[in-house]
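> A single structure is presented below for examination.
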4 protein chains.
Amino acid sequence: MTTIKENLVEMRRRFHRLPEVGFTEFITTYEIYKLLEQMDYKLYLGDDVLLRSARAGVPAKEKFTKSYERAINYGVPEDFLEYVKEGTTGVIATLDTGNPGPHFAARFDIDGLPITESEDEDHIPGEEQFISLHKGEMHACGHDGHITTGLFLADYINASKDSLKGKFTIIFQPAEENVRGAKSIVEKGWLDDVDYFFSGHVGIRNMPVGTVSAGTTDFLASSKFDVKFTGKSAHAGVEPDAGNNSLLAASSAALNLNAIARHGDGSTRINVGTMRAGSGRNVIADTAFMEIETRGETTELNHYMYEKAKTVIQAAADMYENEVEIIDMGEAPNAVCSDELITAVKQSVKNNQLITDLKDTLPLGASEDVTMMMERVLEKNGKATYMLFPFELKYGHHHPKFDLDESVLQVAVSTYIDIVNSLMKRD
Amino acid sequence: MTTIKENLVEMRRRFHRLPEVGFTEFITTYEIYKLLEQMDYKLYLGDDVLLRSARAGVPAKEKFTKSYERAINYGVPEDFLEYVKEGTTGVIATLDTGNPGPHFAARFDIDGLPITESEDEDHIPGEEQFISLHKGEMHACGHDGHITTGLFLADYINASKDSLKGKFTIIFQPAEENVRGAKSIVEKGWLDDVDYFFSGHVGIRNMPVGTVSAGTTDFLASSKFDVKFTGKSAHAGVEPDAGNNSLLAASSAALNLNAIARHGDGSTRINVGTMRAGSGRNVIADTAFMEIETRGETTELNHYMYEKAKTVIQAAADMYENEVEIIDMGEAPNAVCSDELITAVKQSVKNNQLITDLKDTLPLGASEDVTMMMERVLEKNGKATYMLFPFELKYGHHHPKFDLDESVLQVAVSTYIDIVNSLMKRD
Amino acid sequence: MTTIKENLVEMRRRFHRLPEVGFTEFITTYEIYKLLEQMDYKLYLGDDVLLRSARAGVPAKEKFTKSYERAINYGVPEDFLEYVKEGTTGVIATLDTGNPGPHFAARFDIDGLPITESEDEDHIPGEEQFISLHKGEMHACGHDGHITTGLFLADYINASKDSLKGKFTIIFQPAEENVRGAKSIVEKGWLDDVDYFFSGHVGIRNMPVGTVSAGTTDFLASSKFDVKFTGKSAHAGVEPDAGNNSLLAASSAALNLNAIARHGDGSTRINVGTMRAGSGRNVIADTAFMEIETRGETTELNHYMYEKAKTVIQAAADMYENEVEIIDMGEAPNAVCSDELITAVKQSVKNNQLITDLKDTLPLGASEDVTMMMERVLEKNGKATYMLFPFELKYGHHHPKFDLDESVLQVAVSTYIDIVNSLMKRD
Amino acid sequence: MTTIKENLVEMRRRFHRLPEVGFTEFITTYEIYKLLEQMDYKLYLGDDVLLRSARAGVPAKEKFTKSYERAINYGVPEDFLEYVKEGTTGVIATLDTGNPGPHFAARFDIDGLPITESEDEDHIPGEEQFISLHKGEMHACGHDGHITTGLFLADYINASKDSLKGKFTIIFQPAEENVRGAKSIVEKGWLDDVDYFFSGHVGIRNMPVGTVSAGTTDFLASSKFDVKFTGKSAHAGVEPDAGNNSLLAASSAALNLNAIARHGDGSTRINVGTMRAGSGRNVIADTAFMEIETRGETTELNHYMYEKAKTVIQAAADMYENEVEIIDMGEAPNAVCSDELITAVKQSVKNNQLITDLKDTLPLGASEDVTMMMERVLEKNGKATYMLFPFELKYGHHHPKFDLDESVLQVAVSTYIDIVNSLMKRD
């Protein structure tokens with residue numbers, strides 16, 4: 001017996017209204033919890049889900065305070081908020097069928113982005129009135145769809161548990177954006193004895209709904225870090241020589257970071273996404289702050305970029321006699337999907353009528369901290385894959401007018417169900 | 001008969017508590033006006049004081065709204081605020097003795113700085129409880145002392161008017177910081193028929209109270225301007241090539257601006273004081289904003305820097321295929337004090353017992369938009385000088401712990417009175 | 001009947017002693033010509049081989065003069081030198097069997113590099129006394145092996161012509177290094193009616209002798225160009241402002257060129273290989289010269305780099321008020337080997353006992369102007385491939401200690417012969 | 001009795017034909033020596049003149065070899081060349097009158113510049129056939145005039161020695177250009193007991209002949225140094241990541257060196273005059289060489305620039321993982337002329353009819369290593385001054401068409417003679 005009363009579109013729109021950025025998914029966690037609570041899962045919250053010290057890019061206290069107040073106003077009970085209020089968000093649900101069999105795990109990411117959703121007329125969420133209620137935050141990457149998929153999968157497994165074998169772990173992960181959350185769950189050991197690991201993403205490739213790839217290539221390994229230069233201010237007219245100019249240190253770093261040599265072994269990236277330097281027109285700037293990311297086609301290539309970047313930054317600081325601090329804010333390795341699981345997925349869905357174009361793999365060309373989980377599963381001799389569920393993108397991911405083609409949700413849910421039926425059916 | 005009831009220190013401390021940044025001196029203007037109102041001056045406010053279109057660096061609307069509310073809360077009447085609320089602050093007071101004689105003008109600047117005053121124990125304003133009531137704004141340059149000097153001078157002239165000849169114009173100028181206000185008063189014509197023009201500054205040189213210079217050298221001509229780069233954003237992982245990177249355009253501009261060749265004819269300066277670029281770590285930055293100033297030992301040298309800077313900025317924009325806008329925010333020329341007036345000042349004060357070290361000139365080494373006024377006076381065949389009233393500086397101007405040695409106020413006031421008595425005495 | 005009296009190793013060593021950089025292969029052309037002259041080919045020299053105006057990176061007159069004198073001293077007849085002395089080097093040999101059949105063309109590049117060969121004891125050419133006789137020039141890329149292969153192939157075809165069909169064109173191309181010569185042969189029309197085009201390279205991949213790839217991927221399209229900045233000099237102490245600094249224009253260009261955004265569609269490269277700027281320590285530099293190359297995984301990606309580079313260079317010139325000239329020095333497109341020919345090669349060599357590891361393709365990861373020829377052949381509906389003949393590289397190509405494993409020569413020659421026998425055998 | 005047979009113009013033109021760059025003044029030294037030999041001076045050559053280890057910017061061996069051959073061809077005897085052939089050029093002449101009195105020293109610099117003299121028609125040395133015989137070297141700063149002045153002064157003193165008192169030291173210094181030679185003479189102790197020290201320069205200021213300044217201000221202290229970056233080369237297409245790019249290190253250094261903050265205390269300069277980097281277009285540059293100078297209005301300001309420059313250079317090397325070597329090539333401090341000697345000069349020349357405009361001081365605005373000598377004299381409680389003898393400059397110093405107005409020579413010689421007569425006349 002299923003317990004969810006909404007349909008896929010209703011649920012997705014409900015979560016779409018309530019985007020919360022990474023580690024502040026207080027309402028989101030609560031809503032997921034409430035639905036799972038009606039099923040037979042054992043549920044984990046707070047410090048049982050993740051290792052605090054392994055999180056990266058945790059927001060400032062003020063952000064927590066605001067999100068807390070918003071959650072209170074929304075109606076999340078104070079005692080529930082105790083579990084999550086310091087950024088220990090997310091839910092993990094486990095179910096042991098009691099029948100011998102493999103350990104199946106699936107991961108769904110739940111965070112929104114710090115983007116203000118478009119109010120343009122042609123943006124459906126506005127028109128059909130499910131636009132973000134949280135000004136400045138938005139589900140602009142499709143994680144509302146991932147939550148929905150995860151919950152429907154959980155519901156199906158729960159309803160079918162008597163005919164299934166083995167164990168199930170459903171992970172609702174916080175803070176995927178900027179690859180900050182997965183590591184804290186991995187470090188807690190949740191992936192250590194998983195046999196089959198699945199995750200995936202809606203969209204990404206601009207292809208018709210019905211296209212599914214059983215695996216994914218071209219995960220870019222990535223490192224995210226902040227840089228703080230601290231120099232010395234001085235009156236720019238009277239004694240510019242007395243200053244240690246942080247704005248010039250940061251500018252020199254930015255230019256030379258972008259000039260790090262391309263690598264013969266494959267693609268690399270670097271971006272200084274933001275810079276904030278100086279306090280006044282007539283003062284030598286004594287602070288500069290930059291948000292930076294490196295990427296690489298492989299973990300090694302990303303490591304090359306990251307190490308070179310540190311060298312450049314330190315030298316830029318030395319050049320202008322600044323102190324500098326480099327603060328790691330997140331990382332994701334590269335990962336390779338298991339051929340066995342790609343084959344298994346293809347076998348599982350061969351009768352799925354919603355799937356009109358089944359591919360072995362599609363390239364991601366971006367970073368995803370799911371690779372942290374995949375890496376651990378593979379290390380422990382499990383198998384892992386990451387699927388893509390494309391649709392026709394009118395606007396790219398992270399755009400204020402990004403929107404799901406909601407018909408992709410049924411494709412994703414049915415694929416997961418096919419997989420469960422194929423791999424986890426009691427004999 | 002004098003009308004001011006406070007002493008110099010009381011008045012200075014009263015104004016010290018109420019710093020307001022340039023063009024938002026609503027309370028300050030009101031307080032000055034209330035004192036002058038008790039004298040026989042003809043008073044001018046609002047659009048009678050300055051030409052709106054000739055102001056530079058006018059704050060954003062939000063700042064006006066906040067300052068307006070603060071002034072209302074302080075008790076400034078709404079009908080008074082009508083004169084000043086859109087940034088037309090300052091007061092001009094004129095008095096015609098009816099006796100034939102020269103036209104004497106003096107200028108006192110009244111604005112504070114966007115600096116948070118120090119709460120350290122050893123900072124006297126905190127200890128003696130006259131610290132800024134306006135968090136984030138501070139009289140950190142001594143303009144509270146200038147206001148006080150101007151009001152006591154006005155009171156003296158008013159009280160002595162029967163024994164004086166000619167005409168008097170006392171200018172309480174807004175927005176001297178970043179050289180934004182003087183031009184708007186000059187353009188209104190206030191300096192067009194002045195015979196003797198005086199202004200000055202407390203502090204600047206670290207010398208014992210009692211030191212006075214009758215003139216000043218080394219005004220640095222200066223231009224202030226903002227720069228906005230507009231590029232194109234793109235996902236930094238997926239298609240960095242699709243972006244036009246504003247952060248790199250600005251960084252390249254910053255470096256190359258600082259590399260503009262030094263000039264054989266004398267000192268120059270350039271400072272990129274602030275930079276704000278980009279919106280997110282994984283997005284190619286599509287905006288960058290910089291606050292810049294150039295200076296030169298002469299107007300020509302500043303012009304050299306300003307023109308070179310425009311060339312560099314345009315080229316940096318072209319390099320990264322950005323659009324760029326350069327917005328002028330203020331300017332000050334160089335100026336040369338009139339030898340005749342330096343001599344006249346020295347003659348005037350020769351019996352002043354407070355003056356222990358009388359100098360022809362001292363160097364300023366900074367920019368002051370009073371030079372706009374001096375330039376106009378000299379063009380119209382008047383004479384102008386700018387005096388310095390040093391004291392021992394524990395902390396430099398614009399420092400959160402800057403403080404006046406209040407004993408300098410009596411030196412300044414007595415010097416101005418000596419000058420009036422010497423130059424404007426009825427025969 | 002074969003006409004060549006030397007063995008492969010002897011011939012390779014003979015040419016190894018006589019390296020000549022691109023367009024100055026006077027001795028090399030003569031030596032090739034003398035061997036071909038003994039066969040039944042129709043031979044082409046000078047302006048019959050290439051279109052002068054389509055050459056790039058032609059050396060300065062002084063270099064021609066020196067190479068001419070060297071050739072005279074070596075014994076090249078003056079009347080022969082008339083053909084080549086202005087940089088119209090290379091030989092083309094054609095042979096029509098008279099029997100109907102396809103047109104087979106093969107290309108061998110003949111130039112050396114401006115590198116001084118190592119005199120280290122462990123460098124075999126020194127030890128075995130066939131080190132370069134031309135100080136400062138060296139066969140450091142293996143083109144001595146290519147010449148040898150081409151001559152043995154020519155000899156075989158000539159000796160076997162009665163049993164062959166169709167037509168043969170053997171191209172000994174000058175100036176492959178820095179991709180300067182191929183275009184001038186293409187523009188002369190030599191590739192316009194070729195059915196099967198073959199070329200290849202020894203070395204490149206560090207694999208055992210016996211490895212052969214029937215095709216090649218990852219040609220990097222490339223553009224080579226020089227940049228001349230012309231500014232204005234000035235005394236650096238007295239009036240630095242009077243200069244327009246070319247050294248800074250070039251430095252700024254170099255940095256920002258290296259910061260051109262990586263491309264989402266694939267690999268790109270840029271290198272400012274050399275810079276020469278300025279004339280004296282105390283003079284503002286009024287000239288700067290840079291040698292630059294761009295590359296791309298595809299012709300389009302290279303075009304992206306080249307166009308961005310031009311933008312950066314022009315802006316850097318503008319930034320320092322310099323004039324700038326960009327002089328194109330060579331280019332190569334990307335190319336794709338014909339599947340049909342890869343298959344044909346594999347079929348041809350299947351009984352070749354020297355080939356122990358036969359691969360469809362190997363990646364080049366570099367630029368080769370053979371792609372100009374391949375592009376023309378493919379445009380004209382011919383087929384083209386480029387083979388690799390790896391050996392174990394003790395030092396990389398272009399290294400002063402680069403050396404052939406001479407056993408690779410027999411592999412290469414036998415492969416070409418197998419292909420001729422398979423594709424061009426008279427029925 | 002005077003011994004010199006030529007007139008001023010003849011002698012100047014003779015030396016003009018024979019320019020030799022610093023430390024290679026073999027012919028020049030010999031010619032000076034030959035003239036002095038006929039007088040009663042004690043003469044010093046070679047290691048008696050200077051301390052080898054205190055020289056800076058000594059040329060490479062090849063340059064010495066070439067200059068040696070030239071001197072041999074010219075007719076300088078081999079045994080004379082033994083004194084100077086390793087760069088120990090210059091002559092010092094001393095004369096003790098035997099009468100008690102002060103120690104008078106005068107210094108004349110003798111080196112030419114590495115500039116090719118103009119052959120334009122309107123350049124008088126060409127037209128009147130005394131153009132440089134040494135292609136690529138030129139007396140483009142007027143030191144031919146200084147040599148002439150010094151020799152005529154020596155002749156006068158020698159002829160008048162019976163009526164003079166005290167001691168005389170006449171220093172013909174090598175290698176003034178780029179401030180390389182003075183220190184080596186100072187370190188030898190020649191200035192240690194001088195009472196009155198005189199030197200000077202023809203030209204500099206564009207004023208009519210007859211203008212003389214008794215002293216000079218605005219000597220710029222200066223440091224000259226070379227920088228060598230050593231990185232690692234790599235194939236720019238195949239593995240750019242394997243290189244440590246010296247060209248980028250040097251470019252980054254050049255930009256950031258020019259961005260060293262201007263100093264509140266006075267003028268500074270920096271110039272990267274030349275850069276030579278890289279070996280080939282398609283190779284990551286593994287070497288870069290720069291010639292740099294810093295200057296400052298005072299010795300302290302130059303020191304500030306030099307120290308900052310070292311910091312920037314080291315950081316630029318670190319940024320690109322290069323090794324870097326900084327080689328000092330010369331230095332000059334600031335100096336202040338003695339008021340007493342300025343007064344004495346003015347008194348001495350008051351009846352000189354050739355002097356039509358006598359000034360206390362004129363500004364130099366450049367660097368001169370005579371300041372090393374002046375500094376030592378002042379330290380030892382002697383007095384020193386440096387005079388200027390302007391003429392109307394059609395082209396600036398160091399220009400290929402620079403030329404003396406030869407009428408200035410008589411002004412200079414007569415001034416020196418007046419001084420000797422005034423200060424050193426036997427009572």
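In the structure tokens, chains take letters A, B, ... by order of appearance, with residues numbered from 1 within each chain and ligands from 1 in the order shown.
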Compile a residue-level contact table for chain C against chain A at a cut-off of 8 Å, reporting for every qualifying residue the shortest atom pair and its distance in Å to one decimal, with only C-alpha atoms counted, rows ordered by chain and ascending number, as JSON lines.


{"residue": "C:Leu255", "atom": "CA", "partner": "A:Ala259", "partner_atom": "CA", "distance": 6.6}
{"residue": "C:Asn256", "atom": "CA", "partner": "A:Leu255", "partner_atom": "CA", "distance": 7.0}
{"residue": "C:Leu257", "atom": "CA", "partner": "A:Ala259", "partner_atom": "CA", "distance": 7.9}
{"residue": "C:Asn258", "atom": "CA", "partner": "A:Ala259", "partner_atom": "CA", "distance": 4.6}
{"residue": "C:Ala259", "atom": "CA", "partner": "A:Ala259", "partner_atom": "CA", "distance": 4.4}
{"residue": "C:Ile260", "atom": "CA", "partner": "A:Asn258", "partner_atom": "CA", "distance": 7.6}
{"residue": "C:Ala261", "atom": "CA", "partner": "A:Asn258", "partner_atom": "CA", "distance": 7.6}
{"residue": "C:Arg262", "atom": "CA", "partner": "A:Arg269", "partner_atom": "CA", "distance": 6.8}
{"residue": "C:Gly266", "atom": "CA", "partner": "A:Ser267", "partner_atom": "CA", "distance": 7.2}
{"residue": "C:Ser267", "atom": "CA", "partner": "A:Ser267", "partner_atom": "CA", "distance": 6.4}
{"residue": "C:Thr268", "atom": "CA", "partner": "A:Arg262", "partner_atom": "CA", "distance": 7.8}
{"residue": "C:Arg269", "atom": "CA", "partner": "A:Arg262", "partner_atom": "CA", "distance": 6.8}

> Dump N, CA and C atoms for the selected residues as an mmCIF file, in the first residue's frame?


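The new file selection_5.cif reads:
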data_model
loop_
_atom_site.group_PDB
_atom_site.id
_atom_site.type_symbol
_atom_site.label_atom_id
_atom_site.label_comp_id
_atom_site.auth_asym_id
_atom_site.auth_seq_id
_atom_site.Cartn_x
_atom_site.Cartn_y
_atom_site.Cartn_z
ATOM 1 N N LEU C 255 50.415 37.716 -20.409
ATOM 2 C CA LEU C 255 49.628 37.227 -19.280
ATOM 3 C C LEU C 255 48.183 36.986 -19.673
ATOM 4 N N ASN C 256 47.598 37.961 -20.335
ATOM 5 C CA ASN C 256 46.180 37.866 -20.650
ATOM 6 C C ASN C 256 45.913 36.862 -21.773
ATOM 7 N N LEU C 257 46.877 36.642 -22.646
ATOM 8 C CA LEU C 257 46.729 35.590 -23.656
ATOM 9 C C LEU C 257 46.634 34.229 -22.974
ATOM 10 N N ASN C 258 47.480 34.030 -21.992
ATOM 11 C CA ASN C 258 47.442 32.757 -21.296
ATOM 12 C C ASN C 258 46.173 32.594 -20.473
ATOM 13 N N ALA C 259 45.490 33.706 -20.209
ATOM 14 C CA ALA C 259 44.238 33.649 -19.441
ATOM 15 C C ALA C 259 43.002 33.562 -20.329
ATOM 16 N N ILE C 260 43.165 33.432 -21.635
ATOM 17 C CA ILE C 260 41.984 33.214 -22.489
ATOM 18 C C ILE C 260 41.250 31.978 -21.974
ATOM 19 N N ALA C 261 39.936 32.094 -21.885
ATOM 20 C CA ALA C 261 39.150 31.027 -21.248
ATOM 21 C C ALA C 261 39.309 29.696 -21.971
ATOM 22 N N ARG C 262 39.496 28.664 -21.196
ATOM 23 C CA ARG C 262 39.417 27.311 -21.720
ATOM 24 C C ARG C 262 38.050 27.132 -22.393
ATOM 25 N N GLY C 266 36.444 21.410 -25.945
ATOM 26 C CA GLY C 266 37.631 20.568 -26.077
ATOM 27 C C GLY C 266 38.905 21.332 -25.801
ATOM 28 N N SER C 267 40.008 20.636 -26.022
ATOM 29 C CA SER C 267 41.322 21.157 -25.646
ATOM 30 C C SER C 267 41.758 22.328 -26.514
ATOM 31 N N THR C 268 42.394 23.268 -25.870
ATOM 32 C CA THR C 268 43.023 24.388 -26.564
ATOM 33 C C THR C 268 44.395 24.604 -25.949
ATOM 34 N N ARG C 269 45.216 25.334 -26.702
ATOM 35 C CA ARG C 269 46.546 25.691 -26.199
ATOM 36 C C ARG C 269 46.875 27.095 -26.664
#

> Excluding Gly90 (chain B) and any residue of its chain fewer than 5 positions from it, enumerate the residues within 8 Å of it, using only C-alpha atoms, and give them as a VMD selection string.

chain B and resid 25 29 45 to 46 49 110 171 to 174

> To one decimal place in Å, what is the distance between CA of Val91 (chain A) and CA of Thr3 (chain A)?

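Rounded to one decimal, the two atoms are 17.9 Å apart.
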
> Tell me, as an MDAnalysis selection string, which residues lie within 12 Å of Gly98 (chain B), counting only C-alpha atoms; anything in the same chain fewer than 2 positions away does not count.

chainID B and resid 95:96 100:103 161:168 426

> Please save C-alpha atoms of the selected residues as a compact mmCIF listing (two decimals), in the first residue's frame.


# COMPACT_ATOMS: atom_id res chain seq x y z
CA LEU B 95 26.18 90.13 5.77
CA ASP B 96 26.66 93.56 4.23
CA PRO B 100 32.18 100.44 1.50
CA GLY B 101 34.91 97.83 1.56
CA PRO B 102 36.09 94.54 0.22
CA HIS B 103 34.13 91.30 -0.01
CA LYS B 161 29.56 94.51 12.32
CA ASP B 162 29.26 98.18 13.19
CA SER B 163 33.01 98.57 13.27
CA LEU B 164 33.57 96.56 10.11
CA LYS B 165 33.41 97.48 6.44
CA GLY B 166 32.58 95.63 3.23
CA LYS B 167 30.63 92.41 2.82
CA PHE B 168 30.93 88.97 4.35
CA ARG B 426 36.20 100.33 9.31

> Name the residues in contact with Gly215 (chain B) at a cut-off of 8 Å, using only C-alpha atoms, excluding same-chain residues fewer than 6 positions from it; report them as an MDAnalysis selection string.

chainID B and resid 337 342 360:362 385:388

> If you keep C-alpha atoms, can you produce a file of those selected residues as a PDB file, in the first residue's frame?


ATOM      1  CA  CYS B 337      47.795  80.650  -2.405  1.00  0.00           C
ATOM      2  CA  ILE B 342      49.951  85.126   3.001  1.00  0.00           C
ATOM      3  CA  ASP B 360      54.533  81.179   5.411  1.00  0.00           C
ATOM      4  CA  THR B 361      53.306  77.856   4.115  1.00  0.00           C
ATOM      5  CA  LEU B 362      53.128  74.175   4.920  1.00  0.00           C
ATOM      6  CA  THR B 385      44.679  81.492   0.884  1.00  0.00           C
ATOM      7  CA  TYR B 386      44.306  78.269   2.835  1.00  0.00           C
ATOM      8  CA  MET B 387      45.735  78.062   6.336  1.00  0.00           C
ATOM      9  CA  LEU B 388      46.811  75.087   8.389  1.00  0.00           C
TER      10      LEU B 388
END

> Rounded to one decimal, what separation in Å do you get between CA of His16 (chain C) and CA of His201 (chain C)?

16.0 Å

> I want to know what sits within 10 Å of Met372 (chain C), based on only C-alpha atoms, with residues of the same chain fewer than 5 positions away left out; could you give that as a ChimeraX atom specification?

/C:179,181-187,191,221,331-335,377

> Show me, as a tab-separated table, the residues of region 110-179 of chain C having an atom within 12 Å of region 70-86 of chain C, each with the closest atom pair and its distance in Å, using only C-alpha atoms.


residue	atom	partner	partner_atom	distance
C:Leu133	CA	C:Arg70	CA	10.7
C:His134	CA	C:Arg70	CA	9.0
C:Lys135	CA	C:Arg70	CA	11.6
C:Pro174	CA	C:Val84	CA	10.8

> Emit the selected residues as a PDB file, in the first residue's frame, including N, CA and C atoms.


ATOM      1  N   LEU C 133      76.578  17.958 -38.514  1.00  0.00           N
ATOM      2  CA  LEU C 133      77.724  18.774 -38.921  1.00  0.00           C
ATOM      3  C   LEU C 133      77.357  20.254 -38.951  1.00  0.00           C
ATOM      4  N   HIS C 134      76.078  20.534 -38.796  1.00  0.00           N
ATOM      5  CA  HIS C 134      75.591  21.919 -38.873  1.00  0.00           C
ATOM      6  C   HIS C 134      75.275  22.423 -37.471  1.00  0.00           C
ATOM      7  N   LYS C 135      76.224  23.035 -36.877  1.00  0.00           N
ATOM      8  CA  LYS C 135      76.078  23.554 -35.500  1.00  0.00           C
ATOM      9  C   LYS C 135      74.819  24.415 -35.383  1.00  0.00           C
ATOM     10  N   PRO C 174      59.354  20.461 -47.707  1.00  0.00           N
ATOM     11  CA  PRO C 174      60.178  21.272 -46.799  1.00  0.00           C
ATOM     12  C   PRO C 174      59.322  21.851 -45.669  1.00  0.00           C
TER      13      PRO C 174
END

> Skipping near chain neighbours, those fewer than 2 positions away, what residues fall within 8 Å of region 349-351 of chain D using only C-alpha atoms, listed as a PyMOL selection string?

chain D and resi 345-347+353+355+415+418-419
